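Peer 1: Have a look at this one.
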Amino acid sequence: MKRNKALLWYNESMLPITTIDNLTVAQLPPVTVLSGEDSGQYTILKEKLLAQVGYNPGDLTYSYFDLSQVAYAEAALDLESLPFFSDQKIVIFDQFLDLTTVKKSYLDEKDLKAFEEYLSNPVESTRLIICAPGKLDGKRRLVKLLKKKASLIEATPVKEADLRTYMANLLQASELEVSAADLEVFLEKSQFDFATALQNKELLIQVKGRGPVDAKDIRDILPRSLQDDIFLLSRYLLQKEIDQARQLTQDLVMQGQDEVKLLAVLLGQFRMYYQVGLLVKAGKSESQMISLLSDALGRKVNPYQVKFAIRDSRGLSLKQLRHCMLTLIETDYGIKTGQYEKAYLFDVALLKMVCE
């Protein structure tokens with residue numbers, strides 16, 4: 001199968017960030033498209049891509065157009081003109097949402113047709129970079145054309161094995177010594193999210209500099225999220241450790257968390273446990289669970305949220321989980337109808353859940 005020479009620099013087995021790391025201005029194909037629904041990763045990739053090609057707003061060999069702010073006709077004039085200050089120029093079209101499933105459109109039919117014509121015969125001395133935050137809409141004619149004519153870099157959720165390998169190499173390159181077991185703690189603290197893992201790596205470097213890093217360092221240095229605390233609170237409740245549950249609740253309220261918000265997040269956690277328990281009982285695989293839960297909730301469910309729910313809900317009875325959910329729902333109703341003071345009702349709810 002013959003491949004477009006302009007696409008040779010793109011290795012589909014690479015992580016998107018590795019692809020960009022290996023990119024040079026000399027290797028840029030006529031059209032490059034950066035897209036993706038993983039917003040955190042997309043932001044990092046966009047910054048890295050623009051830095052990699054040497055984008056400088058003050059350099060006249062680069063042109064930048066935010067299509068949410070600038071009419072396409074104005075951007076097209078620059079795209080289709082020959083460079084004045086060098087043999088080659090780089091044009092950047094940002095916020096090209098017309099290519100994505102996001103329900104926003106900045107180009108009319110005339111603009112879209114004109115851009116299709118450009119793609120059929122791009123200016124040889126111009127390199128176009130398209131930044132389109134969101135998932136490409138494969139049903140659009142323009143997207144189908146770009147898949148044939150352009151090089152695509154997509155910020156899609158990174159596979160667990162790929163993330164583990166990439167972060168292990170990156171930490172080692174940063175002169176941080178992390179064992180395989182402690183790397184798992186690091187990834188769990190990062191919720192197996194690519195962007196969060198990169199941010200947490202920078203935190204470790206700021207505090208430790210270099211050298212050995214163990215699980216205690218990771219837990220002490222990396223910030224604890226509300227979701228981390230809710231995981232811990234739910235574990236205390238399921239293990240009937242009321243004193244620890246009360247203390248953690250008091251700490252969270254002291255930090256500014258409202259009891260009503262805590263109820264909502266805690267209910268979401270127990271609901272996930274319950275739903276996963278039902279699906280495990282029905283013999284569903286992890287991938288089937290992710291698909292079914294995403295359809296039921298009307299949003300993409302984080303695969304790692306499901307993975308952790310499967311792990312943490314082992315051995316829990318559906319009856320116990322149902323009791324906890326009903327208690328939380330009744331407590332929320334009691335607070336919102338002003339039956340008693342919310343701190344009192346929340347404390348009673350904790351007692352009810354551990355006494356089942």
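Each chain in the structure tokens gets a letter, A, B, ..., in the order shown, and its residues are numbered from 1; ligands are numbered from 1 in order too.
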List the spatial neighbours of region 19-35 of chain A as a PyMOL selection string - criterion: any atom at most 9 Å away, only C-alpha atoms, same-chain residues fewer than 5 positions off excluded.
Peer 2: chain A and resi 5-7+9-12+14+42+45-46+48-49+52-54+100+119+122-136+146+149-156
Peer 1: List every residue of region 59-102 of chain A that DSSP, applied to the backbone, labels as helix (DSSP H, G or I), and write the result as a PDB file with N, CA and C atoms, in the first residue's frame.
Peer 2:
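And here's result30.pdb as it stands now:
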ATOM      1  N   TYR A  72     -13.373  33.638   8.028  1.00  0.00           N
ATOM      2  CA  TYR A  72     -12.532  32.724   7.247  1.00  0.00           C
ATOM      3  C   TYR A  72     -11.967  33.416   6.010  1.00  0.00           C
ATOM      4  N   ALA A  73     -12.741  34.276   5.378  1.00  0.00           N
ATOM      5  CA  ALA A  73     -12.276  34.948   4.152  1.00  0.00           C
ATOM      6  C   ALA A  73     -10.977  35.706   4.396  1.00  0.00           C
ATOM      7  N   GLU A  74     -10.863  36.334   5.571  1.00  0.00           N
ATOM      8  CA  GLU A  74      -9.638  37.064   5.899  1.00  0.00           C
ATOM      9  C   GLU A  74      -8.462  36.103   6.078  1.00  0.00           C
ATOM     10  N   ALA A  75      -8.721  34.978   6.777  1.00  0.00           N
ATOM     11  CA  ALA A  75      -7.668  33.989   6.981  1.00  0.00           C
ATOM     12  C   ALA A  75      -7.260  33.343   5.653  1.00  0.00           C
ATOM     13  N   ALA A  76      -8.229  33.130   4.770  1.00  0.00           N
ATOM     14  CA  ALA A  76      -7.961  32.473   3.490  1.00  0.00           C
ATOM     15  C   ALA A  76      -7.020  33.299   2.612  1.00  0.00           C
ATOM     16  N   LEU A  77      -7.123  34.618   2.693  1.00  0.00           N
ATOM     17  CA  LEU A  77      -6.236  35.478   1.912  1.00  0.00           C
ATOM     18  C   LEU A  77      -4.773  35.212   2.249  1.00  0.00           C
ATOM     19  N   ASP A  78      -4.501  35.074   3.532  1.00  0.00           N
ATOM     20  CA  ASP A  78      -3.134  34.800   3.958  1.00  0.00           C
ATOM     21  C   ASP A  78      -2.724  33.382   3.597  1.00  0.00           C
ATOM     22  N   LEU A  79      -3.652  32.429   3.778  1.00  0.00           N
ATOM     23  CA  LEU A  79      -3.360  31.025   3.501  1.00  0.00           C
ATOM     24  C   LEU A  79      -2.973  30.813   2.041  1.00  0.00           C
ATOM     25  N   GLU A  80      -3.653  31.496   1.149  1.00  0.00           N
ATOM     26  CA  GLU A  80      -3.480  31.252  -0.282  1.00  0.00           C
ATOM     27  C   GLU A  80      -2.400  32.127  -0.914  1.00  0.00           C
ATOM     28  N   LEU A  97     -13.728  24.580  14.931  1.00  0.00           N
ATOM     29  CA  LEU A  97     -14.736  23.684  15.502  1.00  0.00           C
ATOM     30  C   LEU A  97     -15.647  23.067  14.445  1.00  0.00           C
ATOM     31  N   ASP A  98     -15.655  23.628  13.242  1.00  0.00           N
ATOM     32  CA  ASP A  98     -16.489  23.076  12.172  1.00  0.00           C
ATOM     33  C   ASP A  98     -16.099  21.638  11.825  1.00  0.00           C
ATOM     34  N   LEU A  99     -14.912  21.213  12.232  1.00  0.00           N
ATOM     35  CA  LEU A  99     -14.456  19.848  11.945  1.00  0.00           C
ATOM     36  C   LEU A  99     -14.892  18.853  13.029  1.00  0.00           C
TER      37      LEU A  99
END
Peer 1: Using CA of Leu292 (chain A) and CA of Gln227 (chain A) as the two end points, give the distance in Å to one decimal.
Peer 2: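 Separation between CA of Leu292 (chain A) and CA of Gln227 (chain A): 22.4 Å.
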Peer 1: At a cut-off of 12 Å, using only C-alpha atoms, what residues contact Val253 (chain A)? Leave out same-chain residues fewer than 5 positions from it and give the result as a list in words.
Peer 2: Leu226, Asp229, Arg246, Gln247, Leu248, Asp258, Glu259, Val260, Lys261, Leu262, Leu263, Lys342, Ala343 and Phe346 of chain A
Peer 1: Hey, can you check how far CA of Asp137 (chain A) sits from CA of Asn302 (chain A)?
Peer 2: 21.0 Å
Peer 1: Please report, as a ChimeraX atom specification, each residue of region 15-139 of chain A to which DSSP assigns strand (DSSP E) when run on this structure's backbone.
Peer 2: /A:31-36,62-66,89-94,126-133
Peer 1: Quick one: everything within 12 Å of region 157-166 of chain A, counting only C-alpha atoms, minus sequence neighbours fewer than 2 positions away in the same chain. Send it as a PyMOL selection string.
Peer 2: chain A and resi 13-18+36-42+135+154-155+168-173+178-188+190-198+201+300-304+307
Peer 1: With distances taken over only C-alpha atoms, which of A:Leu145, A:Leu176, A:Ile92, A:Val306 is nearest to Glu117 (chain A)?
Peer 2: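 Closest to Glu117 (chain A) of all the choices is A:Leu145.
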Peer 1: Which is closest to Val276 (chain A) among A:Ser81, A:Ser63, A:Gln339, A:Ser313, if we use only C-alpha atoms?
Peer 2: A:Ser313
Peer 1: Considering only C-alpha atoms, can you say which of A:Ile90, A:Met353, A:Ala309, A:Met272 comes closest to Ala296 (chain A)?
Peer 2: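 Nearest to Ala296 (chain A): A:Met272.
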Peer 1: Using CA of Gln95 (chain A) and CA of Arg299 (chain A) as the two end points, give the distance in Å to one decimal.
Peer 2: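 The value is 22.4 Å.
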